[in-house]
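J.: One file: work-v1.pdb (PDB, C-alpha atoms).
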```pdb
ATOM      1  CA  MET I   9      81.909  96.855 130.151  1.00  0.00           C
ATOM      2  CA  LEU I  10      85.013  98.814 131.184  1.00  0.00           C
ATOM      3  CA  ARG I  11      85.241 100.338 127.711  1.00  0.00           C
ATOM      4  CA  ARG I  12      81.654 101.636 127.967  1.00  0.00           C
ATOM      5  CA  PHE I  13      82.516 103.116 131.347  1.00  0.00           C
ATOM      6  CA  PHE I  14      85.470 105.061 129.941  1.00  0.00           C
ATOM      7  CA  CYS I  15      83.419 106.196 126.944  1.00  0.00           C
ATOM      8  CA  ALA I  16      80.745 107.475 129.329  1.00  0.00           C
ATOM      9  CA  LEU I  17      83.412 109.240 131.403  1.00  0.00           C
ATOM     10  CA  LEU I  18      84.881 110.868 128.323  1.00  0.00           C
ATOM     11  CA  ALA I  19      81.442 111.959 127.103  1.00  0.00           C
ATOM     12  CA  LEU I  20      80.558 113.329 130.527  1.00  0.00           C
ATOM     13  CA  THR I  21      83.860 115.179 130.778  1.00  0.00           C
ATOM     14  CA  LEU I  22      83.264 116.808 127.403  1.00  0.00           C
ATOM     15  CA  CYS I  23      79.717 117.702 128.411  1.00  0.00           C
ATOM     16  CA  ILE I  24      80.919 119.287 131.618  1.00  0.00           C
ATOM     17  CA  LEU I  25      83.604 121.277 129.854  1.00  0.00           C
ATOM     18  CA  PHE I  26      81.621 122.392 126.826  1.00  0.00           C
ATOM     19  CA  ALA I  27      77.911 121.778 127.130  1.00  0.00           C
ATOM     20  CA  ALA I  28      76.879 121.517 130.770  1.00  0.00           C
ATOM     21  CA  PRO I  29      73.857 123.688 131.401  1.00  0.00           C
ATOM     22  CA  ALA I  30      74.785 126.547 133.690  1.00  0.00           C
ATOM     23  CA  ARG I  31      72.627 128.321 136.256  1.00  0.00           C
ATOM     24  CA  GLY I  32      73.609 131.940 135.835  1.00  0.00           C
ATOM     25  CA  GLU I  33      77.163 133.125 136.237  1.00  0.00           C
ATOM     26  CA  GLY I  34      79.356 130.103 136.877  1.00  0.00           C
ATOM     27  CA  VAL I  35      76.755 128.128 138.855  1.00  0.00           C
ATOM     28  CA  TYR I  36      76.734 124.638 137.349  1.00  0.00           C
ATOM     29  CA  ASP I  37      73.648 122.477 137.186  1.00  0.00           C
ATOM     30  CA  PHE I  38      74.997 119.968 139.682  1.00  0.00           C
ATOM     31  CA  ILE I  39      74.452 119.410 143.364  1.00  0.00           C
ATOM     32  CA  ARG I  40      77.579 118.834 145.438  1.00  0.00           C
ATOM     33  CA  LEU I  41      78.057 117.192 148.822  1.00  0.00           C
ATOM     34  CA  HIS I  42      80.683 118.850 150.997  1.00  0.00           C
ATOM     35  CA  VAL I  43      81.692 117.496 154.409  1.00  0.00           C
ATOM     36  CA  VAL I  44      84.215 119.514 156.428  1.00  0.00           C
ATOM     37  CA  ALA I  45      86.009 117.824 159.326  1.00  0.00           C
ATOM     38  CA  SER I  46      86.574 119.518 162.675  1.00  0.00           C
ATOM     39  CA  GLY I  47      90.321 118.860 162.394  1.00  0.00           C
ATOM     40  CA  ASP I  48      92.950 116.680 160.790  1.00  0.00           C
ATOM     41  CA  THR I  49      93.599 113.945 163.330  1.00  0.00           C
ATOM     42  CA  ASP I  50      92.928 110.413 162.133  1.00  0.00           C
ATOM     43  CA  TRP I  51      89.879 110.255 164.401  1.00  0.00           C
ATOM     44  CA  GLU I  52      88.438 113.601 163.160  1.00  0.00           C
ATOM     45  CA  GLN I  53      88.888 112.431 159.582  1.00  0.00           C
ATOM     46  CA  ALA I  54      87.177 109.111 160.431  1.00  0.00           C
ATOM     47  CA  VAL I  55      84.221 111.053 161.892  1.00  0.00           C
ATOM     48  CA  LYS I  56      84.035 113.057 158.661  1.00  0.00           C
ATOM     49  CA  LEU I  57      83.883 109.868 156.592  1.00  0.00           C
ATOM     50  CA  ALA I  58      81.181 108.346 158.817  1.00  0.00           C
ATOM     51  CA  VAL I  59      79.105 111.511 158.404  1.00  0.00           C
ATOM     52  CA  ARG I  60      79.743 111.440 154.664  1.00  0.00           C
ATOM     53  CA  ASP I  61      78.451 107.860 154.444  1.00  0.00           C
ATOM     54  CA  ALA I  62      75.306 108.745 156.419  1.00  0.00           C
ATOM     55  CA  CYS I  63      74.618 111.729 154.151  1.00  0.00           C
ATOM     56  CA  LEU I  64      75.186 109.715 150.967  1.00  0.00           C
ATOM     57  CA  GLU I  65      72.760 107.066 152.207  1.00  0.00           C
ATOM     58  CA  LYS I  66      70.134 109.717 153.014  1.00  0.00           C
ATOM     59  CA  ALA I  67      70.715 111.398 149.625  1.00  0.00           C
ATOM     60  CA  ARG I  68      70.095 108.102 147.802  1.00  0.00           C
ATOM     61  CA  GLU I  69      66.713 107.887 149.543  1.00  0.00           C
ATOM     62  CA  VAL I  70      65.772 111.526 149.101  1.00  0.00           C
ATOM     63  CA  ALA I  71      66.959 112.117 145.527  1.00  0.00           C
ATOM     64  CA  ALA I  72      65.887 108.749 144.090  1.00  0.00           C
ATOM     65  CA  GLY I  73      63.749 109.393 141.053  1.00  0.00           C
ATOM     66  CA  CYS I  74      64.601 113.088 140.755  1.00  0.00           C
ATOM     67  CA  GLU I  75      64.650 113.971 137.079  1.00  0.00           C
ATOM     68  CA  ASP I  76      66.896 117.024 137.269  1.00  0.00           C
ATOM     69  CA  ALA I  77      69.137 119.033 139.562  1.00  0.00           C
ATOM     70  CA  ASP I  78      66.349 121.443 140.509  1.00  0.00           C
ATOM     71  CA  ALA I  79      64.175 118.584 141.751  1.00  0.00           C
ATOM     72  CA  ALA I  80      67.113 117.031 143.613  1.00  0.00           C
ATOM     73  CA  TYR I  81      67.957 120.357 145.284  1.00  0.00           C
ATOM     74  CA  ALA I  82      64.324 120.874 146.281  1.00  0.00           C
ATOM     75  CA  ALA I  83      64.256 117.342 147.738  1.00  0.00           C
ATOM     76  CA  LEU I  84      67.445 117.985 149.722  1.00  0.00           C
ATOM     77  CA  ASN I  85      65.967 121.190 151.135  1.00  0.00           C
ATOM     78  CA  ALA I  86      62.657 119.511 151.964  1.00  0.00           C
ATOM     79  CA  HIS I  87      64.542 116.848 153.961  1.00  0.00           C
ATOM     80  CA  LEU I  88      67.238 119.055 155.496  1.00  0.00           C
ATOM     81  CA  ALA I  89      66.188 118.129 159.047  1.00  0.00           C
ATOM     82  CA  GLU I  90      66.643 114.438 158.173  1.00  0.00           C
ATOM     83  CA  PHE I  91      70.162 115.149 156.917  1.00  0.00           C
ATOM     84  CA  GLN I  92      70.866 117.036 160.144  1.00  0.00           C
ATOM     85  CA  THR I  93      69.662 114.050 162.186  1.00  0.00           C
ATOM     86  CA  ALA I  94      71.585 111.485 160.109  1.00  0.00           C
ATOM     87  CA  ALA I  95      74.809 113.520 160.274  1.00  0.00           C
ATOM     88  CA  ALA I  96      74.489 114.122 164.020  1.00  0.00           C
ATOM     89  CA  ILE I  97      73.779 110.455 164.763  1.00  0.00           C
ATOM     90  CA  ALA I  98      76.771 109.315 162.684  1.00  0.00           C
ATOM     91  CA  ALA I  99      79.038 111.843 164.422  1.00  0.00           C
ATOM     92  CA  ARG I 100      77.783 110.914 167.911  1.00  0.00           C
ATOM     93  CA  GLU I 101      78.261 107.203 167.196  1.00  0.00           C
ATOM     94  CA  MET I 102      81.920 108.013 166.536  1.00  0.00           C
ATOM     95  CA  GLY I 103      82.159 109.889 169.855  1.00  0.00           C
ATOM     96  CA  PHE I 104      82.049 113.403 168.386  1.00  0.00           C
ATOM     97  CA  VAL I 105      80.381 115.862 170.782  1.00  0.00           C
ATOM     98  CA  GLY I 106      80.841 119.130 168.873  1.00  0.00           C
ATOM     99  CA  GLU I 107      78.361 121.020 166.736  1.00  0.00           C
ATOM    100  CA  VAL I 108      77.152 119.447 163.490  1.00  0.00           C
ATOM    101  CA  THR I 109      75.875 122.025 161.003  1.00  0.00           C
ATOM    102  CA  VAL I 110      73.973 121.013 157.858  1.00  0.00           C
ATOM    103  CA  GLU I 111      73.033 123.626 155.276  1.00  0.00           C
ATOM    104  CA  THR I 112      72.296 124.089 151.605  1.00  0.00           C
ATOM    105  CA  GLY I 113      73.429 126.982 149.477  1.00  0.00           C
ATOM    106  CA  VAL I 114      75.720 128.019 146.658  1.00  0.00           C
ATOM    107  CA  PHE I 115      79.377 127.532 147.506  1.00  0.00           C
ATOM    108  CA  ALA I 116      82.672 127.917 145.629  1.00  0.00           C
ATOM    109  CA  PHE I 117      84.529 124.677 144.843  1.00  0.00           C
ATOM    110  CA  PRO I 118      87.985 124.155 143.317  1.00  0.00           C
ATOM    111  CA  ASP I 119      88.729 121.982 140.290  1.00  0.00           C
ATOM    112  CA  ARG I 120      88.318 118.279 140.961  1.00  0.00           C
ATOM    113  CA  VAL I 121      89.542 115.353 138.891  1.00  0.00           C
ATOM    114  CA  TYR I 122      88.003 111.892 139.331  1.00  0.00           C
ATOM    115  CA  GLY I 123      90.258 109.695 137.186  1.00  0.00           C
ATOM    116  CA  ALA I 124      89.440 110.856 133.630  1.00  0.00           C
ATOM    117  CA  LEU I 125      86.547 113.070 134.763  1.00  0.00           C
ATOM    118  CA  PHE I 126      87.274 116.767 135.304  1.00  0.00           C
ATOM    119  CA  VAL I 127      84.790 118.892 137.271  1.00  0.00           C
ATOM    120  CA  PRO I 128      85.747 122.559 136.891  1.00  0.00           C
ATOM    121  CA  ALA I 129      86.036 125.055 139.714  1.00  0.00           C
ATOM    122  CA  GLY I 130      82.971 127.183 140.172  1.00  0.00           C
ATOM    123  CA  ASP I 131      79.956 127.958 142.283  1.00  0.00           C
ATOM    124  CA  TYR I 132      77.738 124.941 142.886  1.00  0.00           C
ATOM    125  CA  ARG I 133      74.571 124.314 144.827  1.00  0.00           C
ATOM    126  CA  ALA I 134      75.561 122.014 147.653  1.00  0.00           C
ATOM    127  CA  LEU I 135      74.617 120.238 150.813  1.00  0.00           C
ATOM    128  CA  ARG I 136      77.368 121.207 153.252  1.00  0.00           C
ATOM    129  CA  VAL I 137      78.022 119.509 156.574  1.00  0.00           C
ATOM    130  CA  THR I 138      80.473 121.183 158.940  1.00  0.00           C
ATOM    131  CA  LEU I 139      81.767 119.392 162.017  1.00  0.00           C
ATOM    132  CA  GLY I 140      82.734 121.664 164.899  1.00  0.00           C
ATOM    133  CA  GLY I 141      84.627 124.702 163.642  1.00  0.00           C
ATOM    134  CA  GLY I 142      85.316 123.048 160.295  1.00  0.00           C
ATOM    135  CA  GLY I 143      89.088 123.462 160.545  1.00  0.00           C
ATOM    136  CA  GLY I 144      90.044 120.121 159.005  1.00  0.00           C
ATOM    137  CA  HIS I 145      90.400 118.681 155.533  1.00  0.00           C
ATOM    138  CA  ASN I 146      87.156 118.255 153.687  1.00  0.00           C
ATOM    139  CA  TRP I 147      85.584 115.765 151.312  1.00  0.00           C
ATOM    140  CA  TRP I 148      83.315 116.578 148.377  1.00  0.00           C
ATOM    141  CA  CYS I 149      81.705 115.007 145.364  1.00  0.00           C
ATOM    142  CA  VAL I 150      78.998 115.626 142.770  1.00  0.00           C
ATOM    143  CA  LEU I 151      75.859 114.437 144.536  1.00  0.00           C
ATOM    144  CA  TYR I 152      73.543 114.985 141.576  1.00  0.00           C
ATOM    145  CA  PRO I 153      73.968 113.510 139.098  1.00  0.00           C
ATOM    146  CA  SER I 154      75.497 110.919 141.383  1.00  0.00           C
ATOM    147  CA  LEU I 155      79.238 110.947 140.753  1.00  0.00           C
ATOM    148  CA  CYS I 156      80.157 110.310 144.379  1.00  0.00           C
ATOM    149  CA  VAL I 157      82.810 107.644 144.602  1.00  0.00           C
ATOM    150  CA  VAL I 158      83.217 106.400 148.151  1.00  0.00           C
ATOM    151  CA  ASP I 159      86.013 103.943 147.370  1.00  0.00           C
ATOM    152  CA  GLU I 160      88.296 106.369 145.558  1.00  0.00           C
ATOM    153  CA  ALA I 161      91.241 103.952 145.739  1.00  0.00           C
ATOM    154  CA  ALA I 162      89.271 101.361 143.744  1.00  0.00           C
ATOM    155  CA  TYR I 163      88.103 104.054 141.339  1.00  0.00           C
ATOM    156  CA  PHE I 164      91.610 105.299 140.610  1.00  0.00           C
ATOM    157  CA  ALA I 165      92.817 101.691 140.296  1.00  0.00           C
ATOM    158  CA  GLY I 166      90.349 101.274 137.408  1.00  0.00           C
ATOM    159  CA  GLU I 167      87.964  98.854 139.112  1.00  0.00           C
ATOM    160  CA  ASP I 168      84.367  98.696 137.878  1.00  0.00           C
ATOM    161  CA  MET I 169      81.979 101.297 139.252  1.00  0.00           C
ATOM    162  CA  PRO I 170      78.575 100.475 140.719  1.00  0.00           C
ATOM    163  CA  ILE I 171      75.527 100.271 138.456  1.00  0.00           C
ATOM    164  CA  GLU I 172      74.149 103.366 140.208  1.00  0.00           C
ATOM    165  CA  PHE I 173      77.071 105.351 138.784  1.00  0.00           C
ATOM    166  CA  TYR I 174      76.371 104.160 135.244  1.00  0.00           C
ATOM    167  CA  SER I 175      72.641 104.861 135.460  1.00  0.00           C
ATOM    168  CA  SER I 176      73.214 108.340 136.910  1.00  0.00           C
ATOM    169  CA  VAL I 177      75.656 109.232 134.157  1.00  0.00           C
ATOM    170  CA  GLY I 178      73.238 107.850 131.551  1.00  0.00           C
ATOM    171  CA  ARG I 179      70.323 109.903 132.933  1.00  0.00           C
ATOM    172  CA  PHE I 180      72.503 112.996 132.985  1.00  0.00           C
ATOM    173  CA  LEU I 181      73.671 112.541 129.396  1.00  0.00           C
ATOM    174  CA  ARG I 182      70.121 111.802 128.168  1.00  0.00           C
ATOM    175  CA  GLY I 183      68.990 115.017 129.860  1.00  0.00           C
ATOM    176  CA  LEU I 184      71.688 117.039 128.127  1.00  0.00           C
ATOM    177  CA  PHE I 185      70.943 115.671 124.692  1.00  0.00           C
ATOM    178  CA  GLY I 186      67.192 115.132 124.997  1.00  0.00           C
ATOM    179  CA  GLY I 187      67.507 111.349 124.677  1.00  0.00           C
TER     180      GLY I 187
END
```
The structure in this file should be written as structure tokens.
T.:
Amino acid sequence: MLRRFFCALLALTLCILFAAPARGEGVYDFIRLHVVASGDTDWEQAVKLAVRDACLEKAREVAAGCEDADAAYAALNAHLAEFQTAAAIAAREMGFVGEVTVETGVFAFPDRVYGALFVPAGDYRALRVTLGGGGGHNWWCVLYPSLCVVDEAAYFAGEDMPIEFYSSVGRFLRGLFGG
């Protein structure tokens, strides 16, 4: 099982580097999730992670069954108010009283490495959540296809990934190669 996982990661990495369909100049056919904390205290970072979890849960509902990135992005936009509500509730439950801004758009992201998977820097469509003035460290992942790894420590330790991860990677690869 672990061997299949690493083969899928290698195949996906190669696809991203050499064959990923692009949307114009440097805009990759992925959807990213980007959550920016209000600051860097332990509490502000904990608020960011609670908001991240709420947004990932909402994204699983909203993007379930989407066949491609365009459909997933349209679904995110159609449910933007629900993401705003989920993010605000999660932040308020943590005691955060500042502004919570949720938006979609095309944003620049740096290179990101998830274990053996390399996601290159570039402009990506994203759901961005900014807490307060957004002056703290941020968290991001590939939301579609779902490559978000919440337990990064387990991921980097080589533990098995959830079935959702495998099925998302499989759908993505089948889409690239017409399978």
J.: I need the output of the PyMOL selection byres ((chain I and resi 112) around 6) for this file as a PyMOL selection string; which residues are they?
T.: chain I and resi 111+113+134-135
J.: Once the PyMOL selection byres ((chain I and resi 94) around 12) has been applied to the shown file, what residues remain in the selection, as JSON, numbers by chain?
T.: {"I": [58, 59, 60, 61, 62, 63, 64, 65, 66, 67, 87, 88, 89, 90, 91, 92, 93, 95, 96, 97, 98, 99, 100, 101, 108, 109, 110, 137]}
J.: Hey, which of I:Gly73, I:Pro128, I:Pro118, I:Gly140 ends up closest to Phe104 (chain I)? Count only C-alpha atoms.
T.: I:Gly140
J.: Can you tell me how far CA of Leu57 (chain I) sits from CA of Trp147 (chain I), in Å to one decimal?
T.: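 Result for CA of Leu57 (chain I) versus CA of Trp147 (chain I): 8.1 Å, one decimal.
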J.: Can you list, as a PyMOL selection string, every protein, DNA or RNA residue that comes within 8 Å of region 37-54 of chain I when you count only C-alpha atoms, leaving out same-chain residues fewer than 3 positions away?
T.: chain I and resi 28-31+57-60+77+80-81+132-153
J.: I'd like the neighbourhood of Ala129 (chain I) as a ChimeraX atom specification, where a residue qualifies if any of its atoms comes within 8 Å (using all atoms listed in the file), though same-chain residues fewer than 5 positions away should be ignored.
T.: /I:116-120
J.: Measure the distance from CA of Val114 (chain I) to CA of Lys56 (chain I) in Å and round it to one decimal.
T.: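 Value for the CA of Val114 (chain I)-CA of Lys56 (chain I) distance: 20.9 Å.
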J.: So how far away is CA of Ala86 (chain I) from CA of Glu107 (chain I), in Å?
T.: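 Atom-to-atom, CA of Glu107 (chain I) and CA of Ala86 (chain I) are spaced 21.6 Å apart.
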J.: Since fewer atoms than expected are present, regenerate N, CA and C atoms for region 79-100 of chain I and write them as a CSV table (one decimal), keeping the file's coordinate frame.
T.:
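Saved to out-v6.csv:
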```
chain,number,residue,atom,x,y,z
I,79,ALA,N,65.0,119.5,140.9
I,79,ALA,CA,64.2,118.6,141.8
I,79,ALA,C,65.0,118.0,142.9
I,80,ALA,N,66.2,117.6,142.6
I,80,ALA,CA,67.1,117.0,143.6
I,80,ALA,C,67.4,118.1,144.7
I,81,TYR,N,67.7,119.3,144.3
I,81,TYR,CA,68.0,120.4,145.3
I,81,TYR,C,66.7,120.6,146.1
I,82,ALA,N,65.6,120.7,145.5
I,82,ALA,CA,64.3,120.9,146.3
I,82,ALA,C,64.1,119.7,147.3
I,83,ALA,N,64.4,118.5,146.8
I,83,ALA,CA,64.3,117.3,147.7
I,83,ALA,C,65.2,117.4,148.9
I,84,LEU,N,66.5,117.8,148.6
I,84,LEU,CA,67.4,118.0,149.7
I,84,LEU,C,67.0,119.0,150.7
I,85,ASN,N,66.5,120.1,150.2
I,85,ASN,CA,66.0,121.2,151.1
I,85,ASN,C,64.7,120.7,151.9
I,86,ALA,N,63.9,120.0,151.3
I,86,ALA,CA,62.7,119.5,152.0
I,86,ALA,C,63.0,118.5,153.1
I,87,HIS,N,64.1,117.9,153.0
I,87,HIS,CA,64.5,116.8,154.0
I,87,HIS,C,65.8,117.3,154.8
I,88,LEU,N,66.0,118.6,154.8
I,88,LEU,CA,67.2,119.1,155.5
I,88,LEU,C,67.3,118.6,157.0
I,89,ALA,N,66.2,118.6,157.6
I,89,ALA,CA,66.2,118.1,159.0
I,89,ALA,C,66.6,116.7,159.2
I,90,GLU,N,66.2,115.8,158.2
I,90,GLU,CA,66.6,114.4,158.2
I,90,GLU,C,68.2,114.3,158.0
I,91,PHE,N,68.7,115.2,157.1
I,91,PHE,CA,70.2,115.1,156.9
I,91,PHE,C,70.9,115.6,158.2
I,92,GLN,N,70.3,116.6,158.9
I,92,GLN,CA,70.9,117.0,160.1
I,92,GLN,C,70.9,115.9,161.2
I,93,THR,N,69.8,115.2,161.3
I,93,THR,CA,69.7,114.0,162.2
I,93,THR,C,70.6,112.9,161.8
I,94,ALA,N,70.7,112.6,160.5
I,94,ALA,CA,71.6,111.5,160.1
I,94,ALA,C,73.0,111.8,160.4
I,95,ALA,N,73.4,113.1,160.1
I,95,ALA,CA,74.8,113.5,160.3
I,95,ALA,C,75.1,113.5,161.8
I,96,ALA,N,74.2,114.0,162.6
I,96,ALA,CA,74.5,114.1,164.0
I,96,ALA,C,74.6,112.7,164.6
I,97,ILE,N,73.7,111.8,164.2
I,97,ILE,CA,73.8,110.5,164.8
I,97,ILE,C,75.1,109.8,164.4
I,98,ALA,N,75.5,109.9,163.1
I,98,ALA,CA,76.8,109.3,162.7
I,98,ALA,C,77.9,109.9,163.5
I,99,ALA,N,77.9,111.2,163.7
I,99,ALA,CA,79.0,111.8,164.4
I,99,ALA,C,79.0,111.4,165.9
I,100,ARG,N,77.9,111.3,166.5
I,100,ARG,CA,77.8,110.9,167.9
I,100,ARG,C,78.2,109.5,168.1
```
